[in-house]
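Heads up, upload-v9.cif below (mmCIF, C-alpha atoms):
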data_run
#
loop_
_atom_site.label_atom_id
_atom_site.label_comp_id
_atom_site.auth_asym_id
_atom_site.auth_seq_id
_atom_site.Cartn_x
_atom_site.Cartn_y
_atom_site.Cartn_z
CA MET T 1 100.97 152.04 112.81
CA GLY T 2 103.73 149.48 113.40
CA GLY T 3 103.22 145.75 113.70
CA TRP T 4 103.68 145.71 117.46
CA GLU T 5 101.22 148.56 117.97
CA ARG T 6 98.69 146.77 115.79
CA PHE T 7 99.19 143.66 117.90
CA THR T 8 98.71 145.42 121.25
CA GLU T 9 95.79 147.40 119.84
CA THR T 10 94.17 144.10 118.92
CA PHE T 11 94.98 141.72 121.77
CA LEU T 12 95.87 144.06 124.64
CA ASN T 13 93.52 146.95 123.96
CA ALA T 14 93.49 149.01 127.16
CA LYS T 15 90.13 150.65 126.47
CA VAL T 16 88.36 147.35 125.85
CA MET T 17 90.05 145.74 128.85
CA ALA T 18 89.08 148.64 131.13
CA ARG T 19 85.49 148.25 130.01
CA TYR T 20 85.22 144.46 130.39
CA TRP T 21 87.49 143.43 133.23
CA PRO T 22 84.63 143.51 135.79
CA ASP T 23 82.85 140.88 133.64
CA ILE T 24 85.95 138.69 133.64
CA VAL T 25 86.31 139.05 137.43
CA SER T 26 82.69 138.05 137.92
CA GLY T 27 83.38 135.08 135.59
CA LEU T 28 86.36 134.18 137.75
CA GLY T 29 84.04 134.12 140.77
CA THR T 30 81.63 131.80 138.99
CA THR T 31 84.48 129.51 137.91
CA ILE T 32 85.77 129.26 141.48
CA GLU T 33 82.29 128.61 142.85
CA LEU T 34 81.63 125.92 140.24
CA ALA T 35 85.03 124.32 140.78
CA ALA T 36 84.60 124.23 144.58
CA LEU T 37 81.17 122.60 144.28
CA ILE T 38 82.50 120.01 141.83
CA VAL T 39 85.51 119.11 143.97
CA VAL T 40 83.55 118.78 147.23
CA SER T 41 80.57 116.86 145.85
CA GLY T 42 82.59 114.74 143.40
CA LEU T 43 85.16 113.59 145.96
CA ALA T 44 82.51 112.98 148.63
CA ALA T 45 80.43 110.87 146.24
CA GLY T 46 83.52 108.98 145.07
CA LEU T 47 84.59 108.17 148.63
CA ALA T 48 81.04 107.13 149.53
CA LEU T 49 80.93 104.72 146.59
CA ALA T 50 84.34 103.25 147.44
CA VAL T 51 83.26 102.67 151.05
CA LEU T 52 80.00 101.13 149.89
CA ARG T 53 81.97 98.89 147.55
CA SER T 54 84.12 97.60 150.40
CA PHE T 55 81.06 95.96 151.97
CA GLY T 56 81.29 93.44 149.13
CA ILE T 57 77.62 93.13 148.19
CA ARG T 58 77.92 91.63 144.75
CA VAL T 59 74.91 93.21 143.00
CA VAL T 60 75.70 96.64 144.46
CA ASN T 61 79.32 96.35 143.32
CA TRP T 62 78.33 95.50 139.76
CA GLY T 63 76.22 98.64 139.75
CA ILE T 64 79.08 100.76 141.11
CA ILE T 65 81.55 99.37 138.56
CA PHE T 66 79.14 100.06 135.72
CA VAL T 67 78.48 103.66 136.80
CA VAL T 68 82.19 104.30 137.27
CA ASP T 69 83.07 102.86 133.85
CA LEU T 70 80.26 104.85 132.25
CA PHE T 71 81.44 108.20 133.55
CA ARG T 72 85.06 107.42 132.78
CA ALA T 73 84.26 106.52 129.17
CA LEU T 74 81.92 109.43 128.31
CA PRO T 75 83.47 112.77 127.34
CA PRO T 76 82.44 115.42 129.92
CA LEU T 77 81.07 117.69 127.19
CA VAL T 78 78.76 114.90 126.00
CA ILE T 79 77.39 114.48 129.54
CA ILE T 80 76.85 118.24 129.87
CA VAL T 81 75.02 118.41 126.53
CA LEU T 82 72.95 115.35 127.40
CA ILE T 83 71.80 116.84 130.70
CA TYR T 84 71.29 120.39 129.44
CA PHE T 85 69.57 119.62 126.13
CA GLY T 86 68.13 116.19 126.97
CA LEU T 87 66.43 116.55 130.32
CA PRO T 88 64.11 119.43 129.27
CA SER T 89 62.32 116.87 127.06
CA ILE T 90 60.92 115.33 130.25
CA ASP T 91 60.21 118.74 131.79
CA VAL T 92 63.29 118.81 133.99
CA VAL T 93 65.04 122.05 133.06
CA PRO T 94 68.47 122.30 134.73
CA SER T 95 70.40 125.56 134.27
CA GLY T 96 73.76 125.53 132.51
CA PHE T 97 75.45 125.93 135.89
CA VAL T 98 73.66 122.93 137.39
CA SER T 99 74.28 120.83 134.25
CA THR T 100 77.99 121.55 134.33
CA TRP T 101 78.25 120.99 138.08
CA LEU T 102 76.36 117.72 137.93
CA SER T 103 78.30 116.42 134.91
CA LEU T 104 81.77 117.18 136.19
CA ALA T 105 80.90 116.01 139.72
CA LEU T 106 79.79 112.67 138.25
CA VAL T 107 83.03 112.40 136.27
CA LEU T 108 85.13 113.23 139.35
CA MET T 109 83.05 110.76 141.38
CA ALA T 110 83.88 108.00 138.91
CA PHE T 111 87.61 108.70 138.74
CA SER T 112 87.99 109.25 142.48
CA GLU T 113 86.02 106.09 143.34
CA GLU T 114 88.54 104.09 141.28
CA ILE T 115 91.45 105.76 143.07
CA PHE T 116 89.92 105.42 146.58
CA TRP T 117 89.07 101.78 145.88
CA ALA T 118 92.59 101.03 144.67
CA GLY T 119 93.87 102.62 147.89
CA ILE T 120 91.57 100.51 150.08
CA THR T 121 92.51 97.26 148.34
CA ALA T 122 96.21 98.14 148.64
CA ILE T 123 96.04 97.67 152.43
CA PRO T 124 97.01 94.06 153.24
CA ARG T 125 94.28 91.69 154.45
CA GLY T 126 96.23 91.00 157.61
CA GLN T 127 95.44 94.48 158.87
CA TRP T 128 91.73 93.83 158.57
CA GLU T 129 92.10 90.58 160.48
CA ALA T 130 94.31 92.12 163.16
CA ALA T 131 91.93 95.04 163.69
CA ARG T 132 88.86 92.79 163.80
CA SER T 133 90.56 90.47 166.31
CA THR T 134 91.02 93.39 168.71
CA GLY T 135 87.24 93.70 168.78
CA LEU T 136 86.73 96.51 166.28
CA GLY T 137 83.68 96.18 164.03
CA PHE T 138 83.80 96.24 160.21
CA THR T 139 82.98 99.95 159.90
CA GLN T 140 85.28 100.83 162.79
CA THR T 141 88.16 98.97 161.11
CA LEU T 142 87.44 100.73 157.84
CA ALA T 143 87.21 104.18 159.41
CA HIS T 144 90.08 104.02 161.89
CA VAL T 145 92.57 101.56 160.41
CA ILE T 146 92.13 101.17 156.66
CA LEU T 147 90.98 104.56 155.37
CA PRO T 148 93.67 106.71 157.06
CA GLN T 149 96.37 104.64 155.32
CA ALA T 150 94.46 104.27 152.05
CA LEU T 151 93.81 108.01 151.74
CA ARG T 152 97.51 108.76 152.06
CA ILE T 153 98.40 106.55 149.09
CA THR T 154 95.66 108.11 147.00
CA ILE T 155 96.67 111.76 147.44
CA PRO T 156 99.00 112.18 144.41
CA PRO T 157 96.78 110.57 141.74
CA LEU T 158 93.71 112.19 143.28
CA THR T 159 95.25 115.68 143.20
CA ASN T 160 96.19 115.44 139.54
CA ARG T 161 92.84 114.04 138.50
CA THR T 162 90.95 116.68 140.46
CA ILE T 163 92.94 119.48 138.81
CA ALA T 164 92.33 118.06 135.32
CA ILE T 165 88.58 117.76 135.90
CA THR T 166 88.27 121.20 137.49
CA LYS T 167 89.71 122.74 134.32
CA GLY T 168 86.62 121.34 132.62
CA THR T 169 84.56 124.18 134.12
CA ALA T 170 85.40 126.05 130.88
CA LEU T 171 83.04 123.59 129.15
CA GLY T 172 80.21 125.39 130.93
CA SER T 173 80.55 128.21 128.39
CA VAL T 174 78.98 125.84 125.82
CA VAL T 175 75.74 125.78 127.85
CA ALA T 176 75.72 129.51 128.63
CA VAL T 177 77.32 129.46 132.08
CA THR T 178 78.76 132.92 132.73
CA GLU T 179 82.15 131.61 133.90
CA ILE T 180 85.43 133.08 132.66
CA LEU T 181 85.34 131.75 129.10
CA GLY T 182 81.63 132.52 128.70
CA GLN T 183 82.08 136.10 129.89
CA ALA T 184 85.16 136.57 127.71
CA SER T 185 83.44 135.20 124.60
CA SER T 186 80.41 137.45 124.93
CA ALA T 187 82.64 140.46 125.63
CA VAL T 188 84.55 139.65 122.41
CA SER T 189 81.38 139.67 120.35
CA ASN T 190 80.15 142.88 122.01
CA SER T 191 83.38 144.81 121.60
CA TYR T 192 84.49 143.18 118.35
CA ASN T 193 87.97 142.92 119.84
CA PRO T 194 89.73 139.82 121.26
CA SER T 195 91.30 141.57 124.27
CA PRO T 196 88.70 140.15 126.72
CA LEU T 197 89.85 136.69 125.61
CA THR T 198 93.41 137.64 126.56
CA LEU T 199 92.10 138.76 129.96
CA GLY T 200 90.18 135.50 130.33
CA ALA T 201 93.28 133.49 129.46
CA ALA T 202 95.22 135.44 132.08
CA ALA T 203 92.49 134.75 134.63
CA TYR T 204 92.76 131.00 133.99
CA LEU T 205 96.52 131.11 134.39
CA VAL T 206 96.27 133.08 137.64
CA LEU T 207 93.83 130.49 138.92
CA PHE T 208 95.42 127.26 137.68
CA ILE T 209 99.20 127.76 137.57
CA PRO T 210 99.44 127.74 141.40
CA VAL T 211 97.23 124.65 141.40
CA VAL T 212 99.41 122.85 138.84
CA VAL T 213 102.58 123.78 140.75
CA PHE T 214 100.91 122.53 143.95
CA GLY T 215 100.10 119.24 142.18
CA ARG T 216 103.73 118.85 141.17
CA TRP T 217 104.80 119.45 144.77
CA VAL T 218 102.30 116.93 146.15
CA GLU T 219 103.50 114.34 143.66
CA ARG T 220 107.10 114.75 144.83
CA LYS T 221 106.28 114.88 148.50
CA PHE T 222 104.19 111.72 148.63
CA ARG T 223 106.29 109.62 146.29
CA MET W 1 60.60 108.08 128.74
CA ILE W 2 61.56 105.43 126.16
CA GLU W 3 59.63 107.42 123.56
CA THR W 4 61.76 110.46 124.42
CA PHE W 5 65.28 109.14 124.90
CA PHE W 6 65.30 105.85 122.97
CA ASN W 7 62.98 106.60 120.09
CA ALA W 8 63.49 103.91 117.43
CA ALA W 9 61.97 105.86 114.54
CA ILE W 10 64.20 108.85 115.23
CA MET W 11 67.15 106.56 115.72
CA ALA W 12 66.64 105.06 112.27
CA GLN W 13 66.50 108.56 110.82
CA ALA W 14 69.56 109.85 112.69
CA TRP W 15 71.75 106.78 112.31
CA PRO W 16 73.59 107.79 109.10
CA ILE W 17 74.39 111.22 110.58
CA ILE W 18 75.75 109.66 113.78
CA LEU W 19 77.80 107.14 111.82
CA ALA W 20 79.43 109.89 109.75
CA GLY W 21 80.26 111.62 113.05
CA LEU W 22 81.85 108.45 114.41
CA GLY W 23 84.03 108.23 111.28
CA ASN W 24 85.21 111.79 111.80
CA THR W 25 85.86 111.25 115.52
CA LEU W 26 88.05 108.25 114.68
CA ALA W 27 89.89 110.17 111.95
CA LEU W 28 90.39 113.12 114.29
CA SER W 29 91.74 110.84 117.01
CA LEU W 30 94.13 109.23 114.54
CA MET W 31 95.44 112.70 113.80
CA VAL W 32 95.69 114.21 117.29
CA VAL W 33 97.03 111.23 119.24
CA PRO W 34 100.22 110.89 117.13
CA LEU W 35 100.52 114.69 117.09
CA GLY W 36 100.38 114.88 120.90
CA LEU W 37 102.73 111.90 121.25
CA ALA W 38 105.25 113.53 118.91
CA GLY W 39 105.07 116.79 120.86
CA GLY W 40 105.39 114.93 124.15
CA MET W 41 108.33 112.90 122.92
CA ALA W 42 110.13 116.08 121.85
CA LEU W 43 109.52 117.65 125.28
CA ALA W 44 110.65 114.50 127.11
CA LEU W 45 113.84 114.19 125.06
CA LEU W 46 114.63 117.87 125.61
CA SER W 47 114.17 117.36 129.35
CA THR W 48 117.09 114.90 129.38
CA LEU W 49 119.41 117.85 128.69
CA ARG W 50 120.65 118.91 132.08
CA SER W 51 121.21 122.58 131.23
CA PRO W 52 119.08 124.96 133.34
CA TRP W 53 118.57 127.04 130.16
CA VAL W 54 116.54 124.13 128.82
CA ARG W 55 114.99 122.71 131.98
CA TRP W 56 113.32 125.83 133.33
CA PRO W 57 111.71 127.10 130.12
CA LEU W 58 110.60 123.52 129.49
CA MET W 59 108.92 123.22 132.88
CA ALA W 60 107.28 126.62 132.38
CA TRP W 61 106.00 125.52 128.96
CA VAL W 62 104.56 122.28 130.31
CA ASP W 63 102.92 123.93 133.35
CA PHE W 64 101.53 126.72 131.16
CA PHE W 65 99.72 124.32 128.86
CA ARG W 66 98.61 122.07 131.70
CA ALA W 67 97.08 125.07 133.47
CA PHE W 68 95.32 126.32 130.34
CA PRO W 69 91.95 124.64 129.74
CA PRO W 70 92.08 123.15 126.23
CA LEU W 71 88.75 124.74 125.29
CA VAL W 72 90.12 128.19 126.14
CA LEU W 73 93.15 127.51 123.95
CA LEU W 74 90.92 126.32 121.12
CA ILE W 75 88.62 129.36 121.33
CA PHE W 76 91.61 131.68 121.47
CA LEU W 77 92.98 130.21 118.24
CA TYR W 78 89.59 129.99 116.55
CA ALA W 79 87.97 133.26 117.63
CA GLY W 80 90.97 135.41 118.63
CA LEU W 81 93.53 134.97 115.85
CA PRO W 82 91.20 136.04 113.00
CA PHE W 83 91.33 139.55 114.52
CA ALA W 84 95.04 139.54 113.69
CA GLY W 85 94.18 138.50 110.14
CA LEU W 86 95.05 134.85 110.78
CA GLU W 87 92.13 132.67 109.83
CA LEU W 88 93.17 129.04 110.38
CA GLY W 89 89.87 127.19 110.20
CA GLY W 90 88.47 124.74 112.75
CA PHE W 91 90.54 121.74 111.71
CA ALA W 92 93.93 123.47 111.96
CA CYS W 93 92.93 125.10 115.28
CA VAL W 94 92.03 121.72 116.77
CA GLY W 95 95.35 120.30 115.54
CA ILE W 96 97.41 123.10 117.07
CA ALA W 97 95.47 123.18 120.36
CA PHE W 98 95.80 119.42 120.80
CA PHE W 99 99.48 119.47 119.89
CA LEU W 100 100.13 122.08 122.59
CA ASN W 101 97.79 120.73 125.29
CA THR W 102 98.08 116.97 124.98
CA GLY W 103 101.76 117.29 124.06
CA ALA W 104 102.40 118.80 127.50
CA TYR W 105 100.60 115.90 129.19
CA TYR W 106 102.31 113.19 127.12
CA GLY W 107 105.60 114.99 127.76
CA GLU W 108 105.17 114.76 131.55
CA VAL W 109 104.31 111.06 131.34
CA LEU W 110 107.26 110.23 129.08
CA ARG W 111 109.64 112.31 131.19
CA ALA W 112 108.64 110.33 134.29
CA GLY W 113 109.29 107.15 132.29
CA ILE W 114 112.74 108.26 131.21
CA GLU W 115 113.63 109.28 134.77
CA SER W 116 112.59 105.84 136.03
CA VAL W 117 115.40 104.20 134.03
CA ALA W 118 118.58 103.96 136.10
CA PRO W 119 121.31 106.40 134.92
CA GLY W 120 123.86 103.59 135.08
CA GLN W 121 122.23 102.14 131.97
CA ILE W 122 123.09 105.20 129.89
CA GLU W 123 126.66 105.06 131.16
CA ALA W 124 126.91 101.36 130.33
CA ALA W 125 125.48 101.97 126.85
CA ARG W 126 127.84 104.89 126.23
CA SER W 127 130.80 102.73 127.27
CA THR W 128 129.95 100.23 124.51
CA GLY W 129 130.42 103.04 121.99
CA LEU W 130 126.81 104.18 121.47
CA THR W 131 126.29 107.94 121.22
CA ARG W 132 124.06 109.72 123.73
CA LEU W 133 121.15 109.84 121.30
CA GLN W 134 121.56 106.18 120.32
CA ALA W 135 121.60 105.20 123.99
CA LEU W 136 118.39 107.17 124.57
CA VAL W 137 116.56 105.74 121.58
CA TRP W 138 117.66 102.10 121.85
CA ILE W 139 118.22 101.57 125.57
CA VAL W 140 116.26 104.11 127.61
CA LEU W 141 113.08 104.77 125.59
CA PRO W 142 111.90 101.15 125.20
CA GLN W 143 112.09 100.67 128.98
CA ALA W 144 110.66 104.11 129.71
CA VAL W 145 107.61 103.53 127.52
CA ARG W 146 106.98 100.14 129.08
CA ALA W 147 107.22 101.63 132.59
CA VAL W 148 104.57 104.30 131.93
CA LEU W 149 102.35 102.38 129.51
CA PRO W 150 99.28 102.62 131.81
CA ASP W 151 99.67 106.41 132.05
CA LEU W 152 100.16 106.69 128.29
CA LEU W 153 96.97 104.70 127.70
CA SER W 154 95.06 106.71 130.27
CA ASN W 155 96.18 109.94 128.61
CA THR W 156 95.16 108.58 125.22
CA LEU W 157 91.68 107.82 126.58
CA GLU W 158 91.43 111.45 127.70
CA VAL W 159 92.62 112.68 124.31
CA VAL W 160 90.01 110.67 122.41
CA LYS W 161 87.30 111.99 124.77
CA LEU W 162 88.65 115.50 124.29
CA THR W 163 88.04 115.37 120.53
CA SER W 164 84.42 116.16 121.45
CA LEU W 165 85.61 119.77 121.94
CA ALA W 166 85.97 120.00 118.17
CA SER W 167 82.16 120.26 118.06
CA VAL W 168 82.51 123.78 119.48
CA VAL W 169 84.37 124.91 116.36
CA ALA W 170 81.87 123.15 114.09
CA LEU W 171 83.92 120.11 113.06
CA PRO W 172 81.37 117.41 112.22
CA GLU W 173 82.55 114.83 114.75
CA LEU W 174 80.28 112.58 116.83
CA LEU W 175 78.92 115.14 119.29
CA PHE W 176 78.43 117.83 116.64
CA GLN W 177 76.55 115.44 114.36
CA ALA W 178 74.39 114.28 117.24
CA ARG W 179 73.43 117.85 118.08
CA GLN W 180 72.61 118.51 114.42
CA ALA W 181 70.38 115.46 114.37
CA GLN W 182 68.79 116.55 117.65
CA SER W 183 67.87 119.98 116.33
CA LEU W 184 66.50 118.42 113.14
CA THR W 185 64.31 115.94 114.99
CA TYR W 186 63.48 117.93 118.15
CA ASN W 187 64.34 114.84 120.16
CA PRO W 188 67.32 113.98 122.41
CA THR W 189 67.60 110.38 121.11
CA PRO W 190 70.58 111.20 118.81
CA ILE W 191 72.58 112.53 121.76
CA VAL W 192 71.82 109.41 123.77
CA ALA W 193 72.93 107.39 120.74
CA ALA W 194 76.19 109.35 120.48
CA ALA W 195 76.82 108.77 124.18
CA ALA W 196 76.21 105.05 123.66
CA VAL W 197 78.68 105.02 120.75
CA TYR W 198 81.34 106.73 122.88
CA PHE W 199 80.74 104.25 125.68
CA LEU W 200 80.97 101.17 123.46
CA LEU W 201 84.07 102.56 121.77
CA LEU W 202 85.95 103.38 124.98
CA TRP W 203 84.66 100.84 127.50
CA PRO W 204 87.29 98.18 126.68
CA LEU W 205 90.05 100.72 127.27
CA VAL W 206 88.47 101.87 130.56
CA ARG W 207 88.27 98.25 131.78
CA LEU W 208 91.90 97.60 130.88
CA LEU W 209 93.02 100.81 132.58
CA SER W 210 91.15 100.13 135.77
CA ARG W 211 92.98 96.79 136.06
CA LEU W 212 96.37 98.35 135.38
CA GLU W 213 95.74 101.22 137.82
CA ASN W 214 94.68 98.94 140.63
CA ARG W 215 97.95 97.15 140.24
CA ALA W 216 99.92 100.40 140.11
CA VAL W 217 98.43 101.88 143.30
CA ALA W 218 98.88 98.56 145.08
CA SER W 219 102.59 98.55 144.23
CA ARG W 220 103.02 102.15 145.36
CA ARG W 221 103.05 101.41 149.05
#

If you convert what's in this file into structure tokens, what do you get?
Amino acid sequence: MGGWERFTETFLNAKVMARYWPDIVSGLGTTIELAALIVVSGLAAGLALAVLRSFGIRVVNWGIIFVVDLFRALPPLVIIVLIYFGLPSIDVVPSGFVSTWLSLALVLMAFSEEIFWAGITAIPRGQWEAARSTGLGFTQTLAHVILPQALRITIPPLTNRTIAITKGTALGSVVAVTEILGQASSAVSNSYNPSPLTLGAAAYLVLFIPVVVFGRWVERKFR
Amino acid sequence: MIETFFNAAIMAQAWPIILAGLGNTLALSLMVVPLGLAGGMALALLSTLRSPWVRWPLMAWVDFFRAFPPLVLLIFLYAGLPFAGLELGGFACVGIAFFLNTGAYYGEVLRAGIESVAPGQIEAARSTGLTRLQALVWIVLPQAVRAVLPDLLSNTLEVVKLTSLASVVALPELLFQARQAQSLTYNPTPIVAAAAVYFLLLWPLVRLLSRLENRAVASRR
């Protein structure tokens, strides 16, 4: 058997791939589901915190800044492990899926709050004053004048950060989430062949290369 | 609650284990940050060559490794390559994975920095008799690095946090040690302690970054 045949036999084994590709596809579904939940809940929570922060209640803002700093400083895997292995000690038993979702949503919340807040503060004070003088209330000014402009500035950094955090769904495999990497790893140990890992890698590329290219495009378009 | 998550007796027992983990996390960071920077610098310098034979493969390389979750890369090296008779060990796998992954990110940051320097400066430098490489190293790079310093720092923060992935391939860094201590003591206090160590270690950098970023977004308008 030649070197190339040995290589394909090992990493691109058709028989093993035929047997395990449904697992990888189901993992792909879980990854997409997890990623969608993280993006929606993380961005919503981040925007909510940034809006809350704009009310300028000092004690509340200290709390927000602390939470944001905390989840920016902690490695996502540490948060996942803490939730998954820590909480059961007080009889709260989150699944691996919920632990990963919660952890990455908190991380995205922290990063996106920073970005949203920077966008809000980038709008000159004069616009607040002008809007208020026309009779708009504080929340009306925020919703109709400030946020539409602020959100536009925040799109490029927000896109890149969201992509980076969404890739973290692979961390779920550490706490037994059956996403792509988890499915691929268990298929490797069942078949004693690494081809499922090749399939898993391909699945990630199919999912994320368009997203990365989209991020590049957004960055250029909004510069 | 305090008994469970902040248990002093367990803390006293686990402290030496955690401390050893912190040492290894710092050592690991000191290895992978320069490695990623070197890889990124090579990519950024290559991107100054205008030839499409360089530019397109380079962009494909960078996008490939930005799309690939670092944990998947690490597992592929650690669990896949041994099937081809290539057993690298956890440490080497972490080194290679970080070189490829964080190199791509550093490369993008540095490339943006280099592109932000006006091309007229290279021409001016060349006209004084400097070679192309000399002009890049002495004129362009110092300004490029200064221009993207916040992004470089922010990427470095992510890289240090990412060293926690090494726990998956059994390198005894902070998270791995904390989990060992947790399974020895049947108590989550060591993990809370490791989280606290990470926070204290990285908080100053997070504070600094949040100031720099606020300024950057404000100037973007």

Within 12 Å of (85.3, 105.3, 141.1), all atoms listed in the file: residues as a PDB file with C-alpha atoms, in the frame of the given file?
ATOM      1  CA  GLY T  42      82.590 114.740 143.400  1.00  0.00           C
ATOM      2  CA  LEU T  43      85.160 113.590 145.960  1.00  0.00           C
ATOM      3  CA  ALA T  44      82.510 112.980 148.630  1.00  0.00           C
ATOM      4  CA  ALA T  45      80.430 110.870 146.240  1.00  0.00           C
ATOM      5  CA  GLY T  46      83.520 108.980 145.070  1.00  0.00           C
ATOM      6  CA  LEU T  47      84.590 108.170 148.630  1.00  0.00           C
ATOM      7  CA  ALA T  48      81.040 107.130 149.530  1.00  0.00           C
ATOM      8  CA  LEU T  49      80.930 104.720 146.590  1.00  0.00           C
ATOM      9  CA  ALA T  50      84.340 103.250 147.440  1.00  0.00           C
ATOM     10  CA  VAL T  51      83.260 102.670 151.050  1.00  0.00           C
ATOM     11  CA  LEU T  52      80.000 101.130 149.890  1.00  0.00           C
ATOM     12  CA  ARG T  53      81.970  98.890 147.550  1.00  0.00           C
ATOM     13  CA  ASN T  61      79.320  96.350 143.320  1.00  0.00           C
ATOM     14  CA  GLY T  63      76.220  98.640 139.750  1.00  0.00           C
ATOM     15  CA  ILE T  64      79.080 100.760 141.110  1.00  0.00           C
ATOM     16  CA  ILE T  65      81.550  99.370 138.560  1.00  0.00           C
ATOM     17  CA  PHE T  66      79.140 100.060 135.720  1.00  0.00           C
ATOM     18  CA  VAL T  67      78.480 103.660 136.800  1.00  0.00           C
ATOM     19  CA  VAL T  68      82.190 104.300 137.270  1.00  0.00           C
ATOM     20  CA  ASP T  69      83.070 102.860 133.850  1.00  0.00           C
ATOM     21  CA  LEU T  70      80.260 104.850 132.250  1.00  0.00           C
ATOM     22  CA  PHE T  71      81.440 108.200 133.550  1.00  0.00           C
ATOM     23  CA  ARG T  72      85.060 107.420 132.780  1.00  0.00           C
ATOM     24  CA  ALA T 105      80.900 116.010 139.720  1.00  0.00           C
ATOM     25  CA  LEU T 106      79.790 112.670 138.250  1.00  0.00           C
ATOM     26  CA  VAL T 107      83.030 112.400 136.270  1.00  0.00           C
ATOM     27  CA  LEU T 108      85.130 113.230 139.350  1.00  0.00           C
ATOM     28  CA  MET T 109      83.050 110.760 141.380  1.00  0.00           C
ATOM     29  CA  ALA T 110      83.880 108.000 138.910  1.00  0.00           C
ATOM     30  CA  PHE T 111      87.610 108.700 138.740  1.00  0.00           C
ATOM     31  CA  SER T 112      87.990 109.250 142.480  1.00  0.00           C
ATOM     32  CA  GLU T 113      86.020 106.090 143.340  1.00  0.00           C
ATOM     33  CA  GLU T 114      88.540 104.090 141.280  1.00  0.00           C
ATOM     34  CA  ILE T 115      91.450 105.760 143.070  1.00  0.00           C
ATOM     35  CA  PHE T 116      89.920 105.420 146.580  1.00  0.00           C
ATOM     36  CA  TRP T 117      89.070 101.780 145.880  1.00  0.00           C
ATOM     37  CA  ALA T 118      92.590 101.030 144.670  1.00  0.00           C
ATOM     38  CA  GLY T 119      93.870 102.620 147.890  1.00  0.00           C
ATOM     39  CA  ILE T 120      91.570 100.510 150.080  1.00  0.00           C
ATOM     40  CA  LEU T 158      93.710 112.190 143.280  1.00  0.00           C
ATOM     41  CA  ARG T 161      92.840 114.040 138.500  1.00  0.00           C
TER      42      ARG T 161
ATOM     43  CA  VAL W 206      88.470 101.870 130.560  1.00  0.00           C
ATOM     44  CA  SER W 210      91.150 100.130 135.770  1.00  0.00           C
ATOM     45  CA  GLU W 213      95.740 101.220 137.820  1.00  0.00           C
ATOM     46  CA  ASN W 214      94.680  98.940 140.630  1.00  0.00           C
TER      47      ASN W 214
END

What is the distance between atom CA of Thr121 of chain T and atom CA of Leu152 of chain W, in Å to one decimal? 23.4 Å

Tell me, counting only C-alpha atoms, for each residue of chain W within 6 Å of chain T, which pair of atoms is nearest and how far apart they are in Å to one decimal, in rows ordered by chain and increasing number, as a tab-separated table.
residue	atom	partner	partner_atom	distance
W:Ala67	CA	T:Phe208	CA	5.0
W:Pro69	CA	T:Lys167	CA	5.4
W:Gly80	CA	T:Pro194	CA	5.3
W:Lys161	CA	T:Pro75	CA	4.7
W:Pro188	CA	T:Gly86	CA	5.1
W:Phe199	CA	T:Ala73	CA	5.5
W:Leu202	CA	T:Ala73	CA	5.5
W:Trp203	CA	T:Ala73	CA	5.9
W:Asn214	CA	T:Ala118	CA	5.0
W:Ala218	CA	T:Ala122	CA	4.5

Could you work out how far atom CA of Ile75 of chain W lies from atom CA of Ser186 of chain T, giving the answer in Å with one decimal? 12.1 Å

Convert the output of the PyMOL selection byres ((chain W and resi 150) around 12) on the shown file into explicit residues, formatted as a PyMOL selection string. chain W and resi 106+109-110+113+144-149+151-157+205-217

Restricting the calculation to only C-alpha atoms: of W:Ala166, W:Leu201, W:Ile122, W:Val160, which residue gets closest to Gln134 of chain W? W:Ile122

Tell me, as a VMD selection string, which residues lie within 8 Å of Phe99 of chain W, counting all atoms listed in the file; anything in the same chain fewer than 2 positions away does not count. chain W and resid 32 35 to 36 39 95 to 97 101 to 103

Taking the file as I've supplied it (selection: the PyMOL selection byres ((chain W and resi 48-56) around 12)), which residues are included? Please answer as a count of residues only. 30

Matched chain/residue IDs from the PyMOL selection byres ((chain W and resi 175) around 12), as a PyMOL selection string: (chain T and resi 74-82) or (chain W and resi 17-25+161-174+176-182+190-198)

One decimal, Å: what's the distance from atom CA of Ile10 of chain W over to atom CA of Asn187 of chain W, could you say? 7.8 Å

Quick one: everything within 12 Å of Glu33 of chain T, counting only C-alpha atoms, minus sequence neighbours fewer than 2 positions away in the same chain. Send it as an mmCIF file with C-alpha atoms, in the coordinates of the input.
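And here is the file that came out, out.cif:
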data_model
loop_
_atom_site.group_PDB
_atom_site.id
_atom_site.type_symbol
_atom_site.label_atom_id
_atom_site.label_comp_id
_atom_site.auth_asym_id
_atom_site.auth_seq_id
_atom_site.Cartn_x
_atom_site.Cartn_y
_atom_site.Cartn_z
ATOM 1 C CA SER T 26 82.690 138.050 137.920
ATOM 2 C CA GLY T 27 83.380 135.080 135.590
ATOM 3 C CA LEU T 28 86.360 134.180 137.750
ATOM 4 C CA GLY T 29 84.040 134.120 140.770
ATOM 5 C CA THR T 30 81.630 131.800 138.990
ATOM 6 C CA THR T 31 84.480 129.510 137.910
ATOM 7 C CA ALA T 35 85.030 124.320 140.780
ATOM 8 C CA ALA T 36 84.600 124.230 144.580
ATOM 9 C CA LEU T 37 81.170 122.600 144.280
ATOM 10 C CA ILE T 38 82.500 120.010 141.830
ATOM 11 C CA VAL T 39 85.510 119.110 143.970
ATOM 12 C CA VAL T 40 83.550 118.780 147.230
ATOM 13 C CA PHE T 97 75.450 125.930 135.890
ATOM 14 C CA VAL T 98 73.660 122.930 137.390
ATOM 15 C CA THR T 100 77.990 121.550 134.330
ATOM 16 C CA TRP T 101 78.250 120.990 138.080
ATOM 17 C CA THR T 166 88.270 121.200 137.490
ATOM 18 C CA THR T 169 84.560 124.180 134.120
ATOM 19 C CA VAL T 177 77.320 129.460 132.080
ATOM 20 C CA THR T 178 78.760 132.920 132.730
ATOM 21 C CA GLU T 179 82.150 131.610 133.900
ATOM 22 C CA ILE T 180 85.430 133.080 132.660
#
